[in-house]
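Asks: What follows is a single structure, and I will ask about it in a moment.
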Amino acid sequence: MSRRLPGSERPGPDASEPERRARAAWSRLVEPGERLGHAVLDHLGGQAALHLVSSGDLDGVRWWPGDQLTRVREAVRGWQARLATLDVDRDLETIGRVGGRVLVPGDGEWPAGLEDLGAGAPACLWVRGPARLAAAAHGSLAVVGARAATPYGERVAADLAGACAERGTTVVSGGAYGIDGAAHRGTLAAAGTTVAVLAGGVDRFYPAGHQQLLAAVARDGAVVSEAPPGCAPTRWRFLARNRLIAAASSATVVVEAAWRSGALSTAARANDLSRPVGAVPGPVTSMASAGCHRLVREGRAVLVTDPAEVFELLDAIGSPQQPTLAEVSAPRAVHDGLAPEQLRVFDALPVRAALDLDRLVTEAGLPAPAVVAALGALSLRGLAERSGGGERWRRRPGGA
């Protein structure tokens, strides 16, 4: 069977090159999913937003509600800290060196589903692989689930993905161990097209154990990220990445998810976007499937047990969807319950060597007052501590 590559021809650029460069730069200044940064970009466009930061001319934010102006001004100062280390030419050279490209809204290859994110849409996408994203994402299925998957879960994920590939449906997942990897492998084995959405830069495949798998995905489909080259995957970026998987796909199926699982975050975003969600059942005694069972029990997902039922889910696009997925209670990890800015600072804190405040401001991409406030909250929770009695900070031992 010949390999199907939806829209695999390489498109010419549609957006202007200055706008493309500006959005590429913006993707390094502002963290994925950062609402304020995306809102500024959505209102001003890439070139004007970048000028706002580089010039420090805040007249351009007069359109923002008055009670939010202080937040915008503080955010701009945080972005300016990152601007000093920005080298968009280096990033563009890096993506070109690995045979990739940068996509922005307005390109014919831009996936239409991302527009449903509104102001939360990514500034750009860094892409490796021949598959044209707009065509590949149309009618696609996201297959997500636990990293610590069971043999049962991996087999089901691979079988569902393979059946989708034979039907000509693109399979989207996150490139991680467990269910994600099984979905990608099942698609490739059936000579289909699969897209991996990563939380870090596409120049360095993560996790390390999936180097060969992700190279195969990039060779025959696409590996995508909104984070620029060289960016390390962090918890914050993983959480933000999930919205792209949900938005780019037409439907989502969860195969194995415990009470606390990133896959449930993807399902939640799919519900928010009125995308159909399916969940595969497992043994009632299996903690690996507890999240799937709850999704079905609470009416947030349709139970699916075989490829035919998955196809029914895809074919039902346009019919009334499930209600918005509520937060699923789970055993708490040390970072659970952190506010977004606190999580950003927590991810920026080193485990051993400490960082001073200025460096933390740059690493977190937040204004100094926000970093100081987050450090105070983290310290109270026992997740951060001063090192050497000064203003250098690190994670407190045990705050993994």
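Letters A, B, ... go to the chains of the structure tokens in the order shown; residues in each chain start at 1; ligands are counted from 1 in the same order.
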Excluding Ala268 of chain A and any residue of its chain fewer than 2 positions from it, enumerate the residues within 12 Å of it, using only C-alpha atoms, and give them as a PyMOL selection string.

Replies: chain A and resi 239+242-243+245-247+251-254+261-266+270-278+291+295+300-301+322-328

Asks: Applying 9 Å and only C-alpha atoms, which residues near Asp358 of chain A remain after dropping the ones on its own chain fewer than 3 positions away? List them as a list in words.

Replies: Ala81, Leu355, Val361, Thr362, Glu363 and Ala368 of chain A

Asks: Save the residues we just selected, C-alpha atoms, as a PDB file, in the first residue's frame?

Replies:
ATOM      1  CA  ALA A  81      14.369  41.089  29.285  1.00  0.00           C
ATOM      2  CA  LEU A 355      19.712  31.692  39.918  1.00  0.00           C
ATOM      3  CA  VAL A 361      12.981  37.075  35.155  1.00  0.00           C
ATOM      4  CA  THR A 362      14.607  36.216  31.829  1.00  0.00           C
ATOM      5  CA  GLU A 363      14.073  32.456  32.107  1.00  0.00           C
ATOM      6  CA  ALA A 368      10.162  41.113  38.136  1.00  0.00           C
TER       7      ALA A 368
END

Asks: Neighbouring residues of Arg28 of chain A were defined as those with any atom within 12 Å, considering only C-alpha atoms; residues of the same chain fewer than 6 positions away were excluded. Please report them as number ranges by chain.

Replies: A: 21-22, 34, 37, 50, 79-88, 90-92, 122-126, 200-201, 225-232, 362-365

Asks: Report the residues of segment 28-156 of chain A whose backbone DSSP state falls under alpha helix (DSSP H), written as a PyMOL selection string.

Replies: chain A and resi 28-29+35-44+46-55+69-83+88-97+133-137+151-156

Asks: Please list as a list in words every residue within 7 Å of Asp356 of chain A, counting only C-alpha atoms and excluding residues in the same chain fewer than 4 positions away.

Replies: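 Listing them by chain and then by number gives Leu360, Glu391, Arg392 and Trp393 of chain A.
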
Asks: Find the spatial neighbours of Leu41 of chain A, counting only C-alpha atoms, within a cut-off of 10 Å - ignore same-chain residues fewer than 2 positions away - and output them as a VMD selection string.

Replies: chain A and resid 23 26 30 35 to 39 43 to 50 119 to 123

Asks: Tell me, which residues of segment 62-286 of chain A carry DSSP strand (DSSP E), written as an MDAnalysis selection string?

Replies: chainID A and resid 100:103 125:128 141:145 171:173 194:197 222:225 251:255 277:280

Asks: Ranking A:Arg204, A:Thr194, A:Ala182, A:Ala75 by minimum distance to Thr94 of chain A and counting only C-alpha atoms, which one comes first?

Replies: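 Looking only at the distances to Thr94 of chain A, the closest residue turns out to be A:Arg204.
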
Asks: Do you know which residues are at most 6 Å from Ala142 of chain A counting only C-alpha atoms, after dropping those on the same chain fewer than 6 positions away, and could you put them as a VMD selection string?

Replies: chain A and resid 171 to 173 249 252

Asks: Could you save the residues just selected, with N, CA and C atoms, as a CSV table (one decimal), in the first residue's frame?

Replies:
chain,number,residue,atom,x,y,z
A,171,VAL,N,-3.5,10.9,12.1
A,171,VAL,CA,-3.4,10.7,13.5
A,171,VAL,C,-2.5,11.7,14.1
A,172,VAL,N,-3.0,12.4,15.1
A,172,VAL,CA,-2.2,13.5,15.8
A,172,VAL,C,-2.0,13.0,17.2
A,173,SER,N,-0.8,13.2,17.7
A,173,SER,CA,-0.5,12.9,19.1
A,173,SER,C,0.7,13.7,19.6
A,249,SER,N,-7.0,18.9,15.7
A,249,SER,CA,-7.7,17.7,15.4
A,249,SER,C,-9.2,17.9,15.3
A,252,THR,N,-11.0,13.7,19.4
A,252,THR,CA,-10.0,13.2,20.3
A,252,THR,C,-10.4,11.9,20.9

Asks: Counting only C-alpha atoms, which residues of segment 224-309 of chain A sit at most 12 Å from some atom of segment 129-134 of chain A, and what is each one's closest atom pair with its distance in Å to one decimal, listed by chain and rising residue number, as JSON lines?

Replies:
{"residue": "A:Val224", "atom": "CA", "partner": "A:Gly129", "partner_atom": "CA", "distance": 8.6}
{"residue": "A:Ala248", "atom": "CA", "partner": "A:Ala134", "partner_atom": "CA", "distance": 8.8}
{"residue": "A:Ser249", "atom": "CA", "partner": "A:Ala134", "partner_atom": "CA", "distance": 10.5}
{"residue": "A:Ser250", "atom": "CA", "partner": "A:Ala134", "partner_atom": "CA", "distance": 11.9}

Asks: Which residues are near Ala370 of chain A? Cut-off 10 Å, only C-alpha atoms, ignore same chain within fewer than 4 positions. Put them as a PyMOL selection string.

Replies: chain A and resi 71+74-75+78+341-342+345+361+364-366+374-376

Asks: How many Å lie between atom CA of Leu52 of chain A and atom CA of Arg20 of chain A, rounded to one decimal?

Replies: 16.5 Å

Asks: Of the candidates A:Ala25, A:Val351, A:Leu378, A:Ala148, which one gets nearest to Arg260 of chain A if we count only C-alpha atoms?

Replies: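 Checking each of A:Ala25, A:Val351, A:Leu378, A:Ala148 against Arg260 of chain A, counting only C-alpha atoms, the winner is A:Ala148.
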
Asks: In Å, rounded to a single decimal, give me how far atom CA of Gly299 of chain A is from atom CA of His184 of chain A.

Replies: 27.8 Å

Asks: With distances taken over only C-alpha atoms, which of A:Ala348, A:Ala279, A:Ala288, A:Ala316 is nearest to Leu303 of chain A?

Replies: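 Answer, going by the shortest atom-to-atom distance: A:Ala279.
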
Asks: When you count only C-alpha atoms, which of these residues is closest to Pro18 of chain A: A:Val104, A:Ala199, A:Val143, A:Ile95?

Replies: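 Comparing A:Val104, A:Ala199, A:Val143, A:Ile95 against Pro18 of chain A, the winner is A:Val104.
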
Asks: Using only C-alpha atoms, which residue out of A:Arg73, A:Arg352, A:Arg381, A:Arg269 lies closest to Arg241 of chain A?

Replies: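 For Arg241 of chain A, the nearest of the candidates is A:Arg269.
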
Asks: Measuring between only C-alpha atoms, which one of A:Arg235, A:Gly181, A:Asp42, A:Val127 shows the shortest distance to Val144 of chain A?

Replies: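 Ranked by minimum distance to Val144 of chain A, first place goes to A:Gly181.
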
Asks: Give me, please, the distance in Å between atom CA of Gly186 of chain A and atom CA of Gly162 of chain A, quoted to one decimal.

Replies: 4.8 Å
